[in-house]
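K.L.:
Quick one: the structure is below, questions incoming.
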Number of protein chains: 2
Amino acid sequence: MQDQLSRTFSALADPTRRAMLARLSNGEANVSDLAQPFLGAMSLPAVTKHLQVLEKAGLITKTRNAQWRSCKLNGDGLKDAANWMEQYRVFWEESFDRLDAYLKTVTAKQPPEGDESV
Amino acid sequence: MQDQLSRTFSALADPTRRAMLARLSNGEANVSDLAQPFLGAMSLPAVTKHLQVLEKAGLITKTRNAQWRSCKLNGDGLKDAANWMEQYRVFWEESFDRLDAYLKTVTAKQPPEGDESV
């Protein structure tokens, strides 16, 4: 069985599912409204499958009332994955610092502005 | 073909690969040292496969010299995924705020400390 963190990352590893989360970040939506933009490129069962993956990963919650089924983003579902990621922040900031230092040395070698005719 | 962000999340969706990244966050390692802790549970080709997934996702870089092949964490490879995640931060902080507000109302209903005998 897949662990929770793997399930989260696995659910995020698809552009359709990320687009669905982006849509839900603007607010709750019922399943058919959420499915609509994807129906040109895939079948309704395929859309439903993507929603199930997101739901199993705890990234969305579905509610059902008399009229329709509604989906909602579950921010908590992203928290552990974001925290995992955060511990590596130092590694990309480090490489940004190196780039920044390099750019400073390059810029220092340029002649000052307005000095082109010298 | 998988997009870059999907490739990153997909690479992270496995506890062995995350453990390898955690090991590399302590510094460069050669392939056999990196493989060693996993060889009880899986074969060397399986370990190598995991390293290839990490490399293709841009999360590690391999260098080869006369004596050995060395692996290094590539922090930059995580940056886009972390940035993607960051835009959803408001959603888990929001639900934390709601929990916090709820806990405050619950605590407010408790009798003050040392008041048990009243």
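Residues are named by chain letter and number: chains run A, B, ... in the order of the structure tokens, numbers start at 1 in each chain, and ligands are numbered from 1 in the order shown.
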Contacts of B:Gly77 at 8 Å or less, counting only C-alpha atoms, minus same-chain residues fewer than 5 places along, as number ranges by chain?
P.N.:
A: 92; B: 8, 57-60
K.L.:
Please, could you write that set of residues out with C-alpha atoms as a PDB file, in the first residue's frame?
P.N.:
ATOM      1  CA  TRP A  92      17.769  25.824  -4.229  1.00  0.00           C
TER       2      TRP A  92
ATOM      3  CA  THR B   8       9.213  15.941 -10.414  1.00  0.00           C
ATOM      4  CA  ALA B  57      13.492  14.449 -13.004  1.00  0.00           C
ATOM      5  CA  GLY B  58      16.535  16.681 -12.459  1.00  0.00           C
ATOM      6  CA  LEU B  59      16.562  16.044  -8.712  1.00  0.00           C
ATOM      7  CA  ILE B  60      20.060  14.573  -8.670  1.00  0.00           C
TER       8      ILE B  60
END
K.L.:
Can you move chain A onto chain B by a least-squares fit over all C-alpha atoms paired in order, then give me the moved copy as an mmCIF file with N, CA and C atoms, in the first residue's frame?
P.N.:
data_model
loop_
_atom_site.group_PDB
_atom_site.id
_atom_site.type_symbol
_atom_site.label_atom_id
_atom_site.label_comp_id
_atom_site.auth_asym_id
_atom_site.auth_seq_id
_atom_site.Cartn_x
_atom_site.Cartn_y
_atom_site.Cartn_z
ATOM 1 N N MET A 1 4.556 12.706 -23.806
ATOM 2 C CA MET A 1 5.698 12.933 -22.905
ATOM 3 C C MET A 1 5.263 13.694 -21.656
ATOM 4 N N GLN A 2 5.813 13.293 -20.540
ATOM 5 C CA GLN A 2 5.440 13.911 -19.271
ATOM 6 C C GLN A 2 6.053 15.320 -19.169
ATOM 7 N N ASP A 3 5.292 16.278 -18.652
ATOM 8 C CA ASP A 3 5.846 17.608 -18.425
ATOM 9 C C ASP A 3 6.782 17.586 -17.219
ATOM 10 N N GLN A 4 7.596 18.633 -17.115
ATOM 11 C CA GLN A 4 8.646 18.657 -16.083
ATOM 12 C C GLN A 4 8.073 18.564 -14.661
ATOM 13 N N LEU A 5 7.016 19.327 -14.392
ATOM 14 C CA LEU A 5 6.438 19.346 -13.040
ATOM 15 C C LEU A 5 5.871 17.954 -12.691
ATOM 16 N N SER A 6 5.225 17.318 -13.644
ATOM 17 C CA SER A 6 4.702 15.966 -13.408
ATOM 18 C C SER A 6 5.845 14.991 -13.157
ATOM 19 N N ARG A 7 6.933 15.161 -13.884
ATOM 20 C CA ARG A 7 8.098 14.291 -13.712
ATOM 21 C C ARG A 7 8.669 14.447 -12.298
ATOM 22 N N THR A 8 8.728 15.696 -11.830
ATOM 23 C CA THR A 8 9.242 15.947 -10.471
ATOM 24 C C THR A 8 8.346 15.284 -9.431
ATOM 25 N N PHE A 9 7.027 15.559 -9.491
ATOM 26 C CA PHE A 9 6.108 14.992 -8.499
ATOM 27 C C PHE A 9 6.109 13.463 -8.568
ATOM 28 N N SER A 10 6.193 12.936 -9.764
ATOM 29 C CA SER A 10 6.216 11.495 -9.955
ATOM 30 C C SER A 10 7.475 10.888 -9.296
ATOM 31 N N ALA A 11 8.599 11.555 -9.456
ATOM 32 C CA ALA A 11 9.848 11.071 -8.843
ATOM 33 C C ALA A 11 9.759 11.097 -7.317
ATOM 34 N N LEU A 12 9.012 12.065 -6.791
ATOM 35 C CA LEU A 12 8.889 12.194 -5.326
ATOM 36 C C LEU A 12 7.873 11.214 -4.735
ATOM 37 N N ALA A 13 7.086 10.592 -5.609
ATOM 38 C CA ALA A 13 5.990 9.728 -5.141
ATOM 39 C C ALA A 13 6.471 8.324 -4.786
ATOM 40 N N ASP A 14 7.613 8.228 -4.146
ATOM 41 C CA ASP A 14 8.154 6.923 -3.764
ATOM 42 C C ASP A 14 9.053 7.074 -2.532
ATOM 43 N N PRO A 15 8.801 6.280 -1.483
ATOM 44 C CA PRO A 15 9.563 6.452 -0.239
ATOM 45 C C PRO A 15 11.062 6.153 -0.393
ATOM 46 N N THR A 16 11.423 5.208 -1.276
ATOM 47 C CA THR A 16 12.852 4.919 -1.497
ATOM 48 C C THR A 16 13.548 6.131 -2.104
ATOM 49 N N ARG A 17 12.906 6.715 -3.112
ATOM 50 C CA ARG A 17 13.530 7.873 -3.764
ATOM 51 C C ARG A 17 13.619 9.057 -2.807
ATOM 52 N N ARG A 18 12.595 9.237 -1.959
ATOM 53 C CA ARG A 18 12.681 10.339 -0.982
ATOM 54 C C ARG A 18 13.790 10.060 0.038
ATOM 55 N N ALA A 19 13.964 8.791 0.407
ATOM 56 C CA ALA A 19 15.044 8.435 1.343
ATOM 57 C C ALA A 19 16.417 8.709 0.707
ATOM 58 N N MET A 20 16.522 8.462 -0.588
ATOM 59 C CA MET A 20 17.779 8.742 -1.298
ATOM 60 C C MET A 20 18.080 10.243 -1.299
ATOM 61 N N LEU A 21 17.049 11.037 -1.530
ATOM 62 C CA LEU A 21 17.234 12.498 -1.509
ATOM 63 C C LEU A 21 17.631 12.955 -0.109
ATOM 64 N N ALA A 22 17.006 12.350 0.914
ATOM 65 C CA ALA A 22 17.330 12.709 2.297
ATOM 66 C C ALA A 22 18.803 12.400 2.586
ATOM 67 N N ARG A 23 19.263 11.227 2.103
ATOM 68 C CA ARG A 23 20.675 10.879 2.286
ATOM 69 C C ARG A 23 21.581 11.897 1.593
ATOM 70 N N LEU A 24 21.217 12.288 0.369
ATOM 71 C CA LEU A 24 22.044 13.226 -0.398
ATOM 72 C C LEU A 24 21.986 14.646 0.154
ATOM 73 N N SER A 25 20.962 14.924 0.969
ATOM 74 C CA SER A 25 20.914 16.263 1.575
ATOM 75 C C SER A 25 22.028 16.411 2.618
ATOM 76 N N ASN A 26 22.623 15.270 3.036
ATOM 77 C CA ASN A 26 23.786 15.332 3.943
ATOM 78 C C ASN A 26 25.103 15.452 3.186
ATOM 79 N N GLY A 27 25.041 15.410 1.857
ATOM 80 C CA GLY A 27 26.263 15.555 1.068
ATOM 81 C C GLY A 27 26.340 14.523 -0.041
ATOM 82 N N GLU A 28 27.225 14.804 -1.002
ATOM 83 C CA GLU A 28 27.474 13.916 -2.136
ATOM 84 C C GLU A 28 27.730 12.478 -1.686
ATOM 85 N N ALA A 29 27.370 11.504 -2.492
ATOM 86 C CA ALA A 29 27.669 10.103 -2.147
ATOM 87 C C ALA A 29 27.915 9.322 -3.426
ATOM 88 N N ASN A 30 28.779 8.318 -3.356
ATOM 89 C CA ASN A 30 28.930 7.505 -4.562
ATOM 90 C C ASN A 30 27.796 6.473 -4.620
ATOM 91 N N VAL A 31 27.570 5.948 -5.815
ATOM 92 C CA VAL A 31 26.389 5.123 -6.066
ATOM 93 C C VAL A 31 26.321 3.924 -5.119
ATOM 94 N N SER A 32 27.452 3.266 -4.862
ATOM 95 C CA SER A 32 27.363 2.048 -4.036
ATOM 96 C C SER A 32 27.058 2.374 -2.570
ATOM 97 N N ASP A 33 27.613 3.485 -2.048
ATOM 98 C CA ASP A 33 27.259 3.894 -0.676
ATOM 99 C C ASP A 33 25.769 4.253 -0.582
ATOM 100 N N LEU A 34 25.301 4.921 -1.621
ATOM 101 C CA LEU A 34 23.901 5.351 -1.645
ATOM 102 C C LEU A 34 22.965 4.139 -1.743
ATOM 103 N N ALA A 35 23.392 3.138 -2.488
ATOM 104 C CA ALA A 35 22.570 1.938 -2.703
ATOM 105 C C ALA A 35 22.528 1.051 -1.459
ATOM 106 N N GLN A 36 23.629 1.033 -0.727
ATOM 107 C CA GLN A 36 23.836 0.077 0.360
ATOM 108 C C GLN A 36 22.628 -0.133 1.298
ATOM 109 N N PRO A 37 22.028 0.942 1.878
ATOM 110 C CA PRO A 37 20.928 0.708 2.832
ATOM 111 C C PRO A 37 19.684 0.043 2.209
ATOM 112 N N PHE A 38 19.582 0.048 0.879
ATOM 113 C CA PHE A 38 18.367 -0.457 0.239
ATOM 114 C C PHE A 38 18.530 -1.886 -0.286
ATOM 115 N N LEU A 39 19.775 -2.381 -0.264
ATOM 116 C CA LEU A 39 20.055 -3.654 -0.930
ATOM 117 C C LEU A 39 19.450 -4.862 -0.210
ATOM 118 N N GLY A 40 19.086 -4.690 1.076
ATOM 119 C CA GLY A 40 18.380 -5.782 1.759
ATOM 120 C C GLY A 40 16.978 -5.968 1.187
ATOM 121 N N ALA A 41 16.353 -4.849 0.822
ATOM 122 C CA ALA A 41 14.948 -4.879 0.393
ATOM 123 C C ALA A 41 14.769 -4.972 -1.116
ATOM 124 N N MET A 42 15.831 -4.631 -1.879
ATOM 125 C CA MET A 42 15.682 -4.672 -3.349
ATOM 126 C C MET A 42 17.022 -4.946 -4.027
ATOM 127 N N SER A 43 16.934 -5.267 -5.299
ATOM 128 C CA SER A 43 18.152 -5.590 -6.059
ATOM 129 C C SER A 43 18.902 -4.314 -6.460
ATOM 130 N N LEU A 44 20.156 -4.476 -6.841
ATOM 131 C CA LEU A 44 20.939 -3.322 -7.315
ATOM 132 C C LEU A 44 20.311 -2.689 -8.568
ATOM 133 N N PRO A 45 19.835 -3.487 -9.535
ATOM 134 C CA PRO A 45 19.171 -2.860 -10.689
ATOM 135 C C PRO A 45 17.956 -2.019 -10.297
ATOM 136 N N ALA A 46 17.223 -2.472 -9.264
ATOM 137 C CA ALA A 46 16.058 -1.695 -8.806
ATOM 138 C C ALA A 46 16.513 -0.361 -8.207
ATOM 139 N N VAL A 47 17.606 -0.416 -7.426
ATOM 140 C CA VAL A 47 18.163 0.820 -6.859
ATOM 141 C C VAL A 47 18.598 1.762 -7.982
ATOM 142 N N THR A 48 19.296 1.191 -8.970
ATOM 143 C CA THR A 48 19.792 1.980 -10.106
ATOM 144 C C THR A 48 18.628 2.628 -10.858
ATOM 145 N N LYS A 49 17.543 1.887 -10.987
ATOM 146 C CA LYS A 49 16.349 2.416 -11.659
ATOM 147 C C LYS A 49 15.818 3.651 -10.904
ATOM 148 N N HIS A 50 15.732 3.550 -9.578
ATOM 149 C CA HIS A 50 15.276 4.693 -8.774
ATOM 150 C C HIS A 50 16.185 5.913 -8.991
ATOM 151 N N LEU A 51 17.497 5.653 -9.029
ATOM 152 C CA LEU A 51 18.433 6.767 -9.242
ATOM 153 C C LEU A 51 18.228 7.396 -10.624
ATOM 154 N N GLN A 52 17.932 6.557 -11.602
ATOM 155 C CA GLN A 52 17.669 7.089 -12.953
ATOM 156 C C GLN A 52 16.441 7.982 -12.976
ATOM 157 N N VAL A 53 15.391 7.552 -12.242
ATOM 158 C CA VAL A 53 14.161 8.369 -12.184
ATOM 159 C C VAL A 53 14.485 9.734 -11.573
ATOM 160 N N LEU A 54 15.263 9.721 -10.485
ATOM 161 C CA LEU A 54 15.638 10.982 -9.832
ATOM 162 C C LEU A 54 16.481 11.851 -10.768
ATOM 163 N N GLU A 55 17.363 11.196 -11.520
ATOM 164 C CA GLU A 55 18.237 11.950 -12.427
ATOM 165 C C GLU A 55 17.434 12.553 -13.581
ATOM 166 N N LYS A 56 16.533 11.772 -14.154
ATOM 167 C CA LYS A 56 15.704 12.275 -15.274
ATOM 168 C C LYS A 56 14.803 13.429 -14.827
ATOM 169 N N ALA A 57 14.385 13.381 -13.560
ATOM 170 C CA ALA A 57 13.545 14.461 -13.036
ATOM 171 C C ALA A 57 14.380 15.688 -12.664
ATOM 172 N N GLY A 58 15.700 15.566 -12.785
ATOM 173 C CA GLY A 58 16.588 16.696 -12.467
ATOM 174 C C GLY A 58 16.768 16.913 -10.972
ATOM 175 N N LEU A 59 16.458 15.884 -10.175
ATOM 176 C CA LEU A 59 16.577 16.043 -8.716
ATOM 177 C C LEU A 59 17.964 15.661 -8.210
ATOM 178 N N ILE A 60 18.677 14.867 -8.984
ATOM 179 C CA ILE A 60 20.083 14.589 -8.652
ATOM 180 C C ILE A 60 20.915 14.714 -9.922
ATOM 181 N N THR A 61 22.202 14.940 -9.733
ATOM 182 C CA THR A 61 23.116 14.910 -10.872
ATOM 183 C C THR A 61 24.192 13.873 -10.574
ATOM 184 N N LYS A 62 24.599 13.149 -11.609
ATOM 185 C CA LYS A 62 25.657 12.148 -11.437
ATOM 186 C C LYS A 62 26.924 12.662 -12.092
ATOM 187 N N THR A 63 28.048 12.475 -11.408
ATOM 188 C CA THR A 63 29.327 12.789 -12.038
ATOM 189 C C THR A 63 30.124 11.495 -12.053
ATOM 190 N N ARG A 64 31.006 11.375 -12.997
ATOM 191 C CA ARG A 64 31.780 10.150 -13.118
ATOM 192 C C ARG A 64 33.255 10.552 -13.187
ATOM 193 N N ASN A 65 34.044 9.999 -12.295
ATOM 194 C CA ASN A 65 35.493 10.201 -12.458
ATOM 195 C C ASN A 65 36.155 8.830 -12.566
ATOM 196 N N ALA A 66 37.470 8.800 -12.579
ATOM 197 C CA ALA A 66 38.200 7.543 -12.817
ATOM 198 C C ALA A 66 37.808 6.461 -11.808
ATOM 199 N N GLN A 67 37.609 6.860 -10.533
ATOM 200 C CA GLN A 67 37.380 5.860 -9.483
ATOM 201 C C GLN A 67 35.910 5.462 -9.297
ATOM 202 N N TRP A 68 35.016 6.424 -9.267
ATOM 203 C CA TRP A 68 33.637 6.066 -8.946
ATOM 204 C C TRP A 68 32.638 7.043 -9.578
ATOM 205 N N ARG A 69 31.353 6.678 -9.493
ATOM 206 C CA ARG A 69 30.298 7.587 -9.923
ATOM 207 C C ARG A 69 29.667 8.186 -8.687
ATOM 208 N N SER A 70 29.578 9.495 -8.680
ATOM 209 C CA SER A 70 29.095 10.192 -7.502
ATOM 210 C C SER A 70 27.738 10.846 -7.790
ATOM 211 N N CYS A 71 26.858 10.892 -6.774
ATOM 212 C CA CYS A 71 25.550 11.524 -6.929
ATOM 213 C C CYS A 71 25.450 12.740 -6.027
ATOM 214 N N LYS A 72 24.743 13.724 -6.505
ATOM 215 C CA LYS A 72 24.618 14.977 -5.776
ATOM 216 C C LYS A 72 23.175 15.463 -5.872
ATOM 217 N N LEU A 73 22.660 15.985 -4.779
ATOM 218 C CA LEU A 73 21.308 16.547 -4.800
ATOM 219 C C LEU A 73 21.298 17.819 -5.641
ATOM 220 N N ASN A 74 20.286 17.965 -6.492
ATOM 221 C CA ASN A 74 20.137 19.188 -7.266
ATOM 222 C C ASN A 74 18.914 19.967 -6.770
ATOM 223 N N GLY A 75 19.169 20.881 -5.835
ATOM 224 C CA GLY A 75 18.082 21.616 -5.192
ATOM 225 C C GLY A 75 17.178 22.343 -6.177
ATOM 226 N N ASP A 76 17.783 22.872 -7.246
ATOM 227 C CA ASP A 76 17.014 23.602 -8.262
ATOM 228 C C ASP A 76 15.858 22.777 -8.822
ATOM 229 N N GLY A 77 16.056 21.469 -8.868
ATOM 230 C CA GLY A 77 15.044 20.571 -9.417
ATOM 231 C C GLY A 77 13.755 20.560 -8.614
ATOM 232 N N LEU A 78 13.839 20.998 -7.364
ATOM 233 C CA LEU A 78 12.653 21.005 -6.501
ATOM 234 C C LEU A 78 11.932 22.348 -6.503
ATOM 235 N N LYS A 79 12.620 23.348 -7.029
ATOM 236 C CA LYS A 79 12.130 24.724 -6.888
ATOM 237 C C LYS A 79 10.742 24.948 -7.503
ATOM 238 N N ASP A 80 10.560 24.504 -8.742
ATOM 239 C CA ASP A 80 9.269 24.730 -9.417
ATOM 240 C C ASP A 80 8.127 24.022 -8.684
ATOM 241 N N ALA A 81 8.410 22.793 -8.229
ATOM 242 C CA ALA A 81 7.382 22.044 -7.503
ATOM 243 C C ALA A 81 7.040 22.751 -6.189
ATOM 244 N N ALA A 82 8.047 23.270 -5.514
ATOM 245 C CA ALA A 82 7.804 23.978 -4.256
ATOM 246 C C ALA A 82 7.020 25.268 -4.511
ATOM 247 N N ASN A 83 7.361 25.953 -5.590
ATOM 248 C CA ASN A 83 6.624 27.179 -5.938
ATOM 249 C C ASN A 83 5.173 26.875 -6.277
ATOM 250 N N TRP A 84 4.961 25.785 -6.989
ATOM 251 C CA TRP A 84 3.587 25.370 -7.321
ATOM 252 C C TRP A 84 2.801 25.167 -6.023
ATOM 253 N N MET A 85 3.421 24.435 -5.101
ATOM 254 C CA MET A 85 2.810 24.111 -3.812
ATOM 255 C C MET A 85 2.483 25.377 -3.008
ATOM 256 N N GLU A 86 3.407 26.311 -3.081
ATOM 257 C CA GLU A 86 3.327 27.526 -2.269
ATOM 258 C C GLU A 86 2.043 28.314 -2.533
ATOM 259 N N GLN A 87 1.553 28.281 -3.777
ATOM 260 C CA GLN A 87 0.349 29.053 -4.113
ATOM 261 C C GLN A 87 -0.899 28.521 -3.403
ATOM 262 N N TYR A 88 -0.789 27.307 -2.826
ATOM 263 C CA TYR A 88 -1.936 26.726 -2.119
ATOM 264 C C TYR A 88 -1.813 26.876 -0.607
ATOM 265 N N ARG A 89 -0.709 27.501 -0.180
ATOM 266 C CA ARG A 89 -0.454 27.636 1.265
ATOM 267 C C ARG A 89 -1.650 28.218 2.012
ATOM 268 N N VAL A 90 -2.256 29.242 1.412
ATOM 269 C CA VAL A 90 -3.402 29.904 2.039
ATOM 270 C C VAL A 90 -4.495 28.894 2.438
ATOM 271 N N PHE A 91 -4.619 27.800 1.689
ATOM 272 C CA PHE A 91 -5.704 26.847 1.954
ATOM 273 C C PHE A 91 -5.468 26.002 3.196
ATOM 274 N N TRP A 92 -4.205 25.645 3.475
ATOM 275 C CA TRP A 92 -4.036 24.891 4.712
ATOM 276 C C TRP A 92 -3.881 25.828 5.902
ATOM 277 N N GLU A 93 -3.396 27.045 5.667
ATOM 278 C CA GLU A 93 -3.312 28.000 6.770
ATOM 279 C C GLU A 93 -4.703 28.438 7.205
ATOM 280 N N GLU A 94 -5.583 28.574 6.209
ATOM 281 C CA GLU A 94 -6.979 28.900 6.484
ATOM 282 C C GLU A 94 -7.606 27.861 7.422
ATOM 283 N N SER A 95 -7.389 26.568 7.108
ATOM 284 C CA SER A 95 -8.036 25.539 7.927
ATOM 285 C C SER A 95 -7.378 25.466 9.301
ATOM 286 N N PHE A 96 -6.072 25.822 9.384
ATOM 287 C CA PHE A 96 -5.422 25.896 10.683
ATOM 288 C C PHE A 96 -6.037 27.038 11.504
ATOM 289 N N ASP A 97 -6.287 28.156 10.849
ATOM 290 C CA ASP A 97 -6.914 29.297 11.543
ATOM 291 C C ASP A 97 -8.285 28.926 12.101
ATOM 292 N N ARG A 98 -9.044 28.143 11.301
ATOM 293 C CA ARG A 98 -10.365 27.721 11.773
ATOM 294 C C ARG A 98 -10.250 26.827 13.004
ATOM 295 N N LEU A 99 -9.260 25.899 12.972
ATOM 296 C CA LEU A 99 -9.029 25.001 14.105
ATOM 297 C C LEU A 99 -8.619 25.804 15.341
ATOM 298 N N ASP A 100 -7.737 26.766 15.109
ATOM 299 C CA ASP A 100 -7.238 27.615 16.185
ATOM 300 C C ASP A 100 -8.396 28.375 16.847
ATOM 301 N N ALA A 101 -9.275 28.940 16.002
ATOM 302 C CA ALA A 101 -10.431 29.684 16.511
ATOM 303 C C ALA A 101 -11.348 28.757 17.321
ATOM 304 N N TYR A 102 -11.541 27.538 16.824
ATOM 305 C CA TYR A 102 -12.379 26.563 17.509
ATOM 306 C C TYR A 102 -11.784 26.212 18.871
ATOM 307 N N LEU A 103 -10.457 25.959 18.893
ATOM 308 C CA LEU A 103 -9.798 25.588 20.150
ATOM 309 C C LEU A 103 -9.914 26.702 21.177
ATOM 310 N N LYS A 104 -9.869 27.938 20.685
ATOM 311 C CA LYS A 104 -10.007 29.084 21.600
ATOM 312 C C LYS A 104 -11.388 29.109 22.248
ATOM 313 N N THR A 105 -12.418 28.798 21.464
ATOM 314 C CA THR A 105 -13.774 28.794 22.045
ATOM 315 C C THR A 105 -13.913 27.659 23.047
ATOM 316 N N VAL A 106 -13.312 26.510 22.752
ATOM 317 C CA VAL A 106 -13.374 25.366 23.655
ATOM 318 C C VAL A 106 -12.658 25.686 24.962
ATOM 319 N N THR A 107 -11.451 26.259 24.846
ATOM 320 C CA THR A 107 -10.656 26.600 26.016
ATOM 321 C C THR A 107 -11.376 27.628 26.880
ATOM 322 N N ALA A 108 -12.064 28.563 26.228
ATOM 323 C CA ALA A 108 -12.776 29.616 26.968
ATOM 324 C C ALA A 108 -13.862 29.038 27.871
ATOM 325 N N LYS A 109 -14.393 27.841 27.471
ATOM 326 C CA LYS A 109 -15.465 27.237 28.258
ATOM 327 C C LYS A 109 -14.963 26.464 29.480
ATOM 328 N N GLN A 110 -13.622 26.150 29.484
ATOM 329 C CA GLN A 110 -13.049 25.405 30.607
ATOM 330 C C GLN A 110 -13.027 26.285 31.859
ATOM 331 N N PRO A 111 -13.223 25.704 33.072
ATOM 332 C CA PRO A 111 -13.060 26.511 34.284
ATOM 333 C C PRO A 111 -11.589 26.903 34.460
ATOM 334 N N PRO A 112 -11.312 28.069 35.037
ATOM 335 C CA PRO A 112 -9.921 28.467 35.220
ATOM 336 C C PRO A 112 -9.183 27.457 36.118
ATOM 337 N N GLU A 113 -7.879 27.360 35.959
ATOM 338 C CA GLU A 113 -7.081 26.401 36.739
ATOM 339 C C GLU A 113 -7.195 26.682 38.237
ATOM 340 N N GLY A 114 -7.182 25.632 39.029
ATOM 341 C CA GLY A 114 -7.256 25.782 40.491
ATOM 342 C C GLY A 114 -8.677 26.055 40.968
ATOM 343 N N ASP A 115 -9.614 25.949 40.021
ATOM 344 C CA ASP A 115 -11.006 26.291 40.324
ATOM 345 C C ASP A 115 -11.870 25.027 40.435
ATOM 346 N N GLU A 116 -11.183 23.859 40.525
ATOM 347 C CA GLU A 116 -11.896 22.589 40.415
ATOM 348 C C GLU A 116 -12.892 22.329 41.553
ATOM 349 N N SER A 117 -12.596 22.871 42.745
ATOM 350 C CA SER A 117 -13.427 22.561 43.911
ATOM 351 C C SER A 117 -14.690 23.414 43.977
ATOM 352 N N VAL A 118 -14.773 24.440 43.127
ATOM 353 C CA VAL A 118 -15.922 25.363 43.183
ATOM 354 C C VAL A 118 -17.202 24.693 42.699
#
K.L.:
I'd like to know which residues of chain A are helix (DSSP H, G or I) (by DSSP, run on the backbone); could you write them as a PyMOL selection string?
P.N.:
chain A and resi 4-12+15-24+31-38+44-56+76-86+89-109
K.L.:
Could you pull out the residues in chain B that DSSP calls strand (DSSP E or B) from the backbone, as a PyMOL selection string?
P.N.:
chain B and resi 29-30+60-64+69-73
